[in-house]
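Coordinates as given in run.json (JSON, C-alpha atoms):
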```
[["chain", "number", "residue", "atom", "x", "y", "z"],
["M", 20, "MET", "CA", -13.80, -38.14, -7.14],
["M", 21, "PRO", "CA", -13.86, -34.80, -9.01],
["M", 22, "GLU", "CA", -12.86, -31.69, -7.06],
["M", 23, "ALA", "CA", -13.79, -28.02, -7.28],
["M", 24, "ARG", "CA", -12.10, -24.91, -5.94],
["M", 25, "LEU", "CA", -13.78, -21.89, -4.36],
["M", 26, "ARG", "CA", -12.62, -18.71, -6.12],
["M", 27, "PRO", "CA", -12.13, -15.31, -4.42],
["M", 28, "LYS", "CA", -15.52, -14.00, -5.59],
["M", 29, "GLY", "CA", -17.41, -17.06, -4.30],
["M", 30, "GLN", "CA", -17.45, -18.83, -7.67],
["M", 31, "ILE", "CA", -17.10, -22.59, -7.98],
["M", 32, "THR", "CA", -16.44, -24.37, -11.26],
["M", 33, "ILE", "CA", -18.28, -27.66, -11.49],
["M", 34, "PRO", "CA", -16.22, -30.36, -13.24],
["M", 35, "SER", "CA", -17.39, -31.05, -16.82],
["M", 36, "SER", "CA", -17.99, -34.72, -16.06],
["M", 37, "ILE", "CA", -20.58, -33.72, -13.43],
["M", 38, "LEU", "CA", -22.13, -31.08, -15.73],
["M", 39, "GLU", "CA", -22.67, -33.68, -18.45],
["M", 40, "LYS", "CA", -24.12, -36.33, -16.13],
["M", 41, "ALA", "CA", -26.53, -33.83, -14.56],
["M", 42, "ASN", "CA", -27.49, -32.18, -17.90],
["M", 43, "LEU", "CA", -26.55, -28.75, -16.55],
["M", 44, "ALA", "CA", -26.19, -25.80, -18.89],
["M", 45, "GLU", "CA", -24.90, -22.24, -18.79],
["M", 46, "ASP", "CA", -27.17, -19.65, -17.12],
["M", 47, "MET", "CA", -29.20, -22.22, -15.19],
["M", 48, "THR", "CA", -30.19, -21.12, -11.70],
["M", 49, "PHE", "CA", -30.00, -23.23, -8.56],
["M", 50, "GLU", "CA", -31.45, -23.31, -5.09],
["M", 51, "VAL", "CA", -28.61, -23.55, -2.58],
["M", 52, "ALA", "CA", -29.00, -25.19, 0.82],
["M", 53, "LEU", "CA", -26.72, -25.96, 3.74],
["M", 54, "VAL", "CA", -27.96, -28.91, 5.82],
["M", 55, "ASN", "CA", -25.77, -30.56, 8.45],
["M", 56, "GLY", "CA", -22.64, -29.14, 6.85],
["M", 57, "VAL", "CA", -23.53, -30.38, 3.35],
["M", 58, "ILE", "CA", -24.05, -27.84, 0.56],
["M", 59, "THR", "CA", -26.56, -28.87, -2.09],
["M", 60, "LEU", "CA", -27.33, -27.25, -5.42],
["M", 61, "THR", "CA", -30.76, -28.03, -6.86],
["M", 62, "PRO", "CA", -31.45, -26.86, -10.43],
["M", 63, "LYS", "CA", -34.52, -24.66, -10.64],
["M", 64, "PRO", "CA", -36.95, -25.36, -13.45],
["M", 65, "LYS", "CA", -36.63, -23.01, -16.39],
["M", 66, "ALA", "CA", -39.23, -20.28, -16.42],
["M", 67, "SER", "CA", -41.98, -20.56, -19.00],
["M", 68, "ALA", "CA", -41.77, -18.42, -22.12],
["M", 69, "ARG", "CA", -44.50, -16.17, -20.69],
["M", 70, "GLU", "CA", -42.56, -15.67, -17.45],
["M", 71, "ASP", "CA", -39.43, -14.88, -19.47],
["M", 72, "LEU", "CA", -41.36, -12.38, -21.55],
["M", 73, "MET", "CA", -43.01, -10.78, -18.52],
["M", 74, "SER", "CA", -39.60, -10.15, -16.97],
["M", 75, "TYR", "CA", -39.22, -7.42, -19.61],
["M", 76, "ALA", "CA", -42.55, -5.73, -18.75],
["M", 77, "GLY", "CA", -42.12, -2.04, -18.05],
["M", 78, "MET", "CA", -38.52, -2.02, -19.23],
["M", 79, "LEU", "CA", -39.09, 0.72, -21.81],
["M", 80, "GLU", "CA", -41.57, 2.74, -19.81],
["M", 81, "ASP", "CA", -41.40, 6.35, -21.00],
["M", 82, "ALA", "CA", -38.96, 5.42, -23.78],
["M", 83, "TRP", "CA", -41.17, 7.12, -26.38],
["M", 84, "GLY", "CA", -42.67, 9.73, -24.09],
["M", 85, "ASP", "CA", -44.62, 10.04, -20.89],
["M", 86, "THR", "CA", -48.02, 10.84, -22.41],
["M", 87, "PRO", "CA", -50.04, 9.31, -25.25],
["M", 88, "GLN", "CA", -49.52, 12.51, -27.23],
["M", 89, "ALA", "CA", -45.73, 12.35, -26.82],
["M", 90, "VAL", "CA", -45.73, 8.70, -27.92],
["M", 91, "GLU", "CA", -47.85, 9.58, -30.96],
["M", 92, "ARG", "CA", -45.42, 12.37, -31.91],
["M", 93, "ALA", "CA", -42.46, 10.01, -31.57],
["M", 94, "VAL", "CA", -44.13, 7.33, -33.71],
["M", 95, "LYS", "CA", -45.17, 9.91, -36.33],
["M", 96, "GLY", "CA", -41.58, 11.16, -36.48],
["M", 97, "LEU", "CA", -40.31, 7.64, -37.08],
["M", 98, "ARG", "CA", -42.93, 6.96, -39.75],
["M", 99, "ASP", "CA", -42.04, 10.24, -41.49],
["M", 100, "ALA", "CA", -38.36, 9.23, -41.48],
["M", 101, "TRP", "CA", -39.22, 5.85, -43.11],
["M", 102, "GLU", "CA", -41.09, 7.54, -45.94],
["M", 103, "ARG", "CA", -38.15, 9.71, -46.97]]
```
Could you take the file, read its structure, and then write that structure out as structure tokens?
Amino acid sequence: MPEARLRPKGQITIPSSILEKANLAEDMTFEVALVNGVITLTPKPKASAREDLMSYAGMLEDAWGDTPQAVERAVKGLRDAWER
């Protein structure tokens, strides 16, 4: 039976034979449960493309300015730079 070791930062490496059989891939997320002394990892379904996209909503708030006028000035400045 394959074994795994708990690392100092709480990380566990799952043996490659198990990864392949379970079709697990890097960056997947899991629900973790402890029931009667048994730890289970259940892969969570991948978020839809819309959910992935919405995770970026608001990320660049105020990046171009905090008012419509400031944003317009920033965009105009960029357009002017392209035309040179």
Around the point (-25.4, -21.4, -14.9) in the file's coordinates, collect all residues with an atom within 12 Å, using all atoms listed in the file, and return them as a VMD selection string. chain M and resid 30 to 33 38 42 to 50 60 to 63 65
Using only C-alpha atoms, find the one residue out of M:Ala76, M:Leu53, M:Asp81, M:Arg26 that sits nearest to M:Ala93.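 For M:Ala93, the nearest of the candidates is M:Asp81.
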As lines of an AutoDock Vina configuration file: centre and edge lengths in Å, one decimal, of the axis-aligned box holding stretch 80-88 of chain M with 8 Å per side:
```
center_x = -44.5
center_y = 7.6
center_z = -23.5
size_x = 27.1
size_y = 25.8
size_z = 23.4
```
Atom CA of M:Ala23 to atom CA of M:Val51, distance in Å rounded to a single decimal: 16.2 Å
Any idea what the distance is between atom CA of M:Thr59 and atom CA of M:Lys40?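 Atom CA of M:Lys40 lies at a distance of 16.1 Å from atom CA of M:Thr59.
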Which distance in Å separates atom CA of M:Gly96 and atom CA of M:Ala82, to one decimal?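 It comes out at 14.2 Å.
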